[in-house]
Structure formats: structure tokens, C-alpha cells
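Here the structure is laid out as C-alpha cells; the discussion comes afterwards.
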Amino acid sequence: MIWHQAHFDQLTELANRIELKRHLKCQLEDEFTNVGILLLDLDHFKDINDTLGHYYGDQLLTEVASRLVSLQSECSLISRIGGDEFVLVTTSNNSKQLSKLADKVLSLLKPSISLGQEQCHISASIGIAHTPNDGDTSELLLKAADQAMYQAKQHGRNGFAFFSAHMREQAEHRMALLKDLRVALTQQQFILYYQPIVAMKDQSIVKAEALIRWRHPEKGIVSPALFIPLAEETQLIHGIGEFIFSTACDTLRTLNQLDHHLQLSINVSPVQFTAKHSALNDWHQQLTGKGLTTEQFVIEITEGLMMNALPRTQQRLATLTKQGFALALDDFGTGYSSLAYLKQMDTDFIKIDKRFVDGIANNADDLALCEAMIMMAHQLGLKVIAEGIETATQHQLLLQAGCDFGQGFYYAKPMPKDELIKLLNKS
Ligand code: C2E
Ligand code: MG
Ligand code: MG
């Protein structure tokens, strides 16, 4: 029964796509008619499906569709072309008019939607493309609108973006990088670096953060800030995450054998937490098998994880802390910095983001913010790690403010395992 429904939906979507292409072709062939496309993708629709179930997911889509239909006089076609993707076609290529229409769509989606007992809020990201600049075939226009939609998502969702030639270049660059990323793991192009974390009072190395590097055969070192988001989108992060964990375990074993007892931080992506099947469940067993204990690990997560967290995410966090893993909230101060999350997550450390540390020597506000974060953390029983310390002055100011640990180029840059061992042997 359910299979039939899914199958039926896919057929409808396919039929809609074919109809859309036919419609666009006709409109494009008419030399007196312009074409504008708004491609709309609902934000976080998957979360609604996952939490409330497909029945309510379908109801939400129906409600969105009926709201969009109220714009029918301004469009030549309105269609649902995929799960939570809708397209509005207009006979206008005027940017002002298209912006206005996009604004209308966003306002139409604002009022909450009743789903059973729940009041749901939904928003959308919209990509806009039009003739003649963005393409002269339905394929080119739809692709352009899709790339613009991706940009709107990147810019924080609930908004719209117009296609630009620069986006096409970016998309091509992304595709090329993605192609290489797919083979990077099997071709052993990843390597873990370790950045020492020191105790502020005597600058002794007490912890280290594992930071991944991709040694691209042609491009050289590619920053994780560039490829981690790609790996997350494509689920490749699961394999990469396992590589990080098992490499970190091997390094800890080596360090233990050399009598260097450090706590090792590893960054764990929200995608690793939210996936239906996650290897996080096996970490405890894996490290026990290697003669290690959970207390030697700190799991670094970001606040993004707790926003709209699924029950299984919270469950996994609770299990990991119960097993003895320490938790650190990374990039603290850049997101919501919600005290509720801190409590809910049973955090051990907060990591003050480099953006605050950068300014402390010259900007009284930044210093006051750091002092306030440290005080608040201490009152909640948490320890504080300041990130991105680059100067002696920053070190001094943070030490005076009561910060517990420091990480940054002032002490040491991220380095390969062998260099870390050399450094530890010297100290
Ligand atoms: P993060 O976890 O906040 O890591 C700290 C970043 O700050 C690192 O950049 C580190 O090299 C940099 N940093 C530390 N001290 C200084 C300093 O004094 N000056 C400056 N300019 N930079 C400093 P990196 O290694 O490029 O990593 C960037 C981000 O990528 C990380 O931010 C983290 O979010 C992500 N990332 C890195 N490795 C991994 C990983 O193994 N797994 C996952 N999921 N994400 C990772
Ligand atoms: Mg980190
Ligand atoms: Mg950070």
C-alpha cells in the first residue's frame, strides 16, 4: 500500500517534470514571450517528515501547494516537480517583478500550518532564473534556477537568490571537487593533523584537537572548511568520520605507549549524529577493543546540532556522555549561544570562537564578552577553551579572565602526528 503511494508520487512528479519541460519549450519558442522561473525548495522539510511522519508531510505539501495556487494569475504554470520542490513559471523576465513574486511566495508560507496537534512553521529557499541571460533552453534555465536556489540555502534559507554566471563557475568547481572527494578516502589522501591545547596557567600541553587535511593530488592541501560541507551533503562524511575516529584511536595508543597522556578532541559533524545508521553507536566498543578509555576523548559539536534536534540525536548524545566521552561546544558565541542547549547537552567544555579572541586586545566589547562567557561557563560548572590565540597579549588577557585552556598559533599550529610526538618529547 505504502509502496504504491510512493510509486504513484514518483510517477506524478515525473509527469509534472515532463509537462514543465513541454510548457517551457513552448514559451521559449514564442519569440514575443519572456520566461522567468522561480524554483522553490522547502527548508528542513525532511525534519518534518522524520518527526511527524509521511502522512503529515503530505498534508503540509498539499497546504503549500494550495497557497501557491493563489498566485496562479501571475504565473503561466505552477508545478510540483520533486519531493518538496515547486516551480513557478512566469512570462516576465523583469528582475523587480520576479523579486516581488518571490517575496509574495515567502509571505504566503509564513502563517503556521496545522498538522494534527502541531502548529508547523515552514519557509522556503527560492532560486530565480530568466531569459535571455541565464539560458535559452528549459534544461539551462532549470539548472540555473537550481544553482541559485542552492545559493539561497547557503545564505541562511527563507530567502531568494538570482542566478549569476559566477554561480555556474562555482557549481562547476564544486562538482569537480566532489568527483575527487569520492575517491579521496580509498586513495588515502586524508591525513589527521593535531593542534596542541595548553593549560593557560603554565602552557603545558594537556590536550590536542584532531583536524583533518586533504592532500589533493593536484590542488595540494584543501581546507576542511571547503570539503567538509560537501562531504556532509553527500553523506561521504560517514566514511571520513570513521577514518578520523580510527586514526585518532591509533594516535592515542601511540601516545599512551610513549607515556604522553593527552585528551584528544575530535570534530563530529551533525550529519553523523542525525543519520539513521551511525557508526557513533560503535565507538565505545571500538576503542575498548583498542585498550583505550572514553575519558581520553572529547567530542566537539556545534550548536547547529541542537536546533531541531531529532530524538535520536539527543539519544546518541546522551549515550555518548553516559559512556564517558567528554563534550565540547565548538565555535561558541557564533550561533545562538543558548544556555538551554548547554544544559540539555551535558557539556564539559565550551570553545570560545577565534572571532572574539581576535579582538580582545583592541576592543573592550570583545574582552567583556570573553570575560562574560568564561564567568557564565564556570558558574555552570564548565571549563573554557579559547581558540585562535595568536599573541602573548591575547594569552595574558585570557589568563587574567580565568580561561582554563588555550589553543592557537601562539602555542603551536596543527601538525602531523610525528611532529606532535617530537614536541611532547621535548616538553
Ligand atoms: P574548528 O573545529 O573550530 O577548528 C579550529 C580551526 O581554527 C582549525 O582550522 C585551526 O587550524 C584553526 N586555528 C587554530 N588556531 C588558530 C590561530 O591561532 N589562528 C588561525 N588563523 N587559525 C587557527 P581548520 O583545521 O582549517 O578547520 C576548520 C574547520 O573545519 C574546523 O573548525 C572544523 O569545524 C572543521 N574540521 C576540521 N577538521 C575536521 C574533522 O576532522 N571533522 C569534521 N567534521 N570537521 C572538521
Ligand atoms: Mg573544533
Ligand atoms: Mg572552533
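Letters A, B, ... go to the chains of the C-alpha cells in the order shown; residues in each chain start at 1; ligands are counted from 1 in the same order.
For Ala102 (chain A), the set of protein, DNA and RNA residues having any atom at most 7 Å away, when counting only C-alpha atoms and skipping those fewer than 4 positions along the same chain, is Leu98, Leu106 and Phe160 of chain A.
For ligand 2, the neighbouring protein, DNA and RNA residues, which are those within 6 Å when only C-alpha atoms and all ligand atoms are counted, are Asn267, Glu300 and Asp330 of chain A.
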**Prompt:** With only C-alpha atoms and all ligand atoms as the atoms that count, which of A:Pro217, A:Glu209, A:Gln323, A:Ile421 lies nearest to ligand 3?
**Reply:**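 Of A:Pro217, A:Glu209, A:Gln323, A:Ile421, the one nearest ligand 3, counting only C-alpha atoms and all ligand atoms, is A:Glu209.
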**Request:** Grab me every residue within 9 Å of ligand 1, counting only C-alpha atoms and all ligand atoms, and send it over as a ChimeraX atom specification.
**Result:** /A:192-195,209-213,222-229,232,237,240-241,243-245,266-272,300-302,330-331,351,353-354,358,387-391,407-414
Mind writing the picked residues with C-alpha atoms as a PDB file, in the first residue's frame?
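Written out: out_38.pdb:
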```
ATOM      1  CA  LEU A 192      44.970  13.949  10.500  1.00  0.00           C
ATOM      2  CA  TYR A 193      46.844  16.879  11.991  1.00  0.00           C
ATOM      3  CA  TYR A 194      46.902  17.646  15.698  1.00  0.00           C
ATOM      4  CA  GLN A 195      46.887  21.061  17.293  1.00  0.00           C
ATOM      5  CA  GLU A 209      42.448  18.720  18.600  1.00  0.00           C
ATOM      6  CA  ALA A 210      42.462  16.386  15.603  1.00  0.00           C
ATOM      7  CA  LEU A 211      41.981  18.395  12.391  1.00  0.00           C
ATOM      8  CA  ILE A 212      41.607  16.710   9.040  1.00  0.00           C
ATOM      9  CA  ARG A 213      43.598  17.681   5.942  1.00  0.00           C
ATOM     10  CA  VAL A 222      42.418  21.579   0.611  1.00  0.00           C
ATOM     11  CA  SER A 223      40.903  23.196   3.698  1.00  0.00           C
ATOM     12  CA  PRO A 224      38.315  21.231   5.673  1.00  0.00           C
ATOM     13  CA  ALA A 225      36.157  24.364   5.637  1.00  0.00           C
ATOM     14  CA  LEU A 226      35.817  23.723   1.883  1.00  0.00           C
ATOM     15  CA  PHE A 227      35.289  19.997   1.714  1.00  0.00           C
ATOM     16  CA  ILE A 228      33.521  19.083   4.982  1.00  0.00           C
ATOM     17  CA  PRO A 229      30.261  20.780   3.863  1.00  0.00           C
ATOM     18  CA  GLU A 232      28.124  16.333   4.640  1.00  0.00           C
ATOM     19  CA  ILE A 237      31.201  12.308   5.940  1.00  0.00           C
ATOM     20  CA  ILE A 240      35.563  10.219   6.601  1.00  0.00           C
ATOM     21  CA  GLY A 241      34.297  10.329  10.191  1.00  0.00           C
ATOM     22  CA  PHE A 243      38.732   7.368   9.250  1.00  0.00           C
ATOM     23  CA  ILE A 244      39.113  10.269  11.721  1.00  0.00           C
ATOM     24  CA  PHE A 245      37.992   8.188  14.669  1.00  0.00           C
ATOM     25  CA  ILE A 266      37.571  15.159  17.504  1.00  0.00           C
ATOM     26  CA  ASN A 267      35.088  17.207  15.499  1.00  0.00           C
ATOM     27  CA  VAL A 268      31.903  15.309  14.801  1.00  0.00           C
ATOM     28  CA  SER A 269      29.538  16.573  12.138  1.00  0.00           C
ATOM     29  CA  PRO A 270      25.806  16.921  12.852  1.00  0.00           C
ATOM     30  CA  VAL A 271      25.215  14.605   9.887  1.00  0.00           C
ATOM     31  CA  GLN A 272      26.979  11.806  11.765  1.00  0.00           C
ATOM     32  CA  GLU A 300      33.389  18.593  19.548  1.00  0.00           C
ATOM     33  CA  ILE A 301      29.968  19.554  18.307  1.00  0.00           C
ATOM     34  CA  THR A 302      28.363  22.813  17.252  1.00  0.00           C
ATOM     35  CA  ASP A 330      32.733  24.396  19.409  1.00  0.00           C
ATOM     36  CA  ASP A 331      32.625  27.903  17.922  1.00  0.00           C
ATOM     37  CA  LYS A 351      35.313  26.666  22.973  1.00  0.00           C
ATOM     38  CA  ASP A 353      35.477  31.194  18.881  1.00  0.00           C
ATOM     39  CA  LYS A 354      38.516  32.880  17.372  1.00  0.00           C
ATOM     40  CA  ASP A 358      40.906  38.270  17.676  1.00  0.00           C
ATOM     41  CA  GLU A 387      40.535  29.219  20.213  1.00  0.00           C
ATOM     42  CA  GLY A 388      42.758  31.115  17.817  1.00  0.00           C
ATOM     43  CA  ILE A 389      45.141  32.714  20.338  1.00  0.00           C
ATOM     44  CA  GLU A 390      47.906  34.274  18.262  1.00  0.00           C
ATOM     45  CA  THR A 391      49.672  36.730  20.558  1.00  0.00           C
ATOM     46  CA  GLN A 407      44.622  26.784  21.535  1.00  0.00           C
ATOM     47  CA  GLY A 408      46.211  28.808  18.768  1.00  0.00           C
ATOM     48  CA  PHE A 409      49.228  29.611  16.647  1.00  0.00           C
ATOM     49  CA  TYR A 410      50.793  31.417  19.634  1.00  0.00           C
ATOM     50  CA  TYR A 411      51.423  27.983  21.196  1.00  0.00           C
ATOM     51  CA  ALA A 412      51.510  25.741  18.132  1.00  0.00           C
ATOM     52  CA  LYS A 413      49.948  25.223  14.703  1.00  0.00           C
ATOM     53  CA  PRO A 414      48.207  21.983  13.715  1.00  0.00           C
TER      54      PRO A 414
END
```
**Request:** Between A:Lys422, A:Lys110, A:His155, A:Arg355, single out the one closest to ligand 3, counting only C-alpha atoms and all ligand atoms.
**Result:**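 Residue with the minimum atom-to-atom distance to ligand 3: A:Arg355.
CA of Ile350 (chain A) to CA of Ala279 (chain A) spans 24.7 Å [interatomic distance, one decimal].
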**Request:** Go through A:Thr321, A:Asn94, A:Thr334, A:Asn16 and flag the residue nearest ligand 3, using only C-alpha atoms and all ligand atoms for the distances.
**Result:** A:Thr334
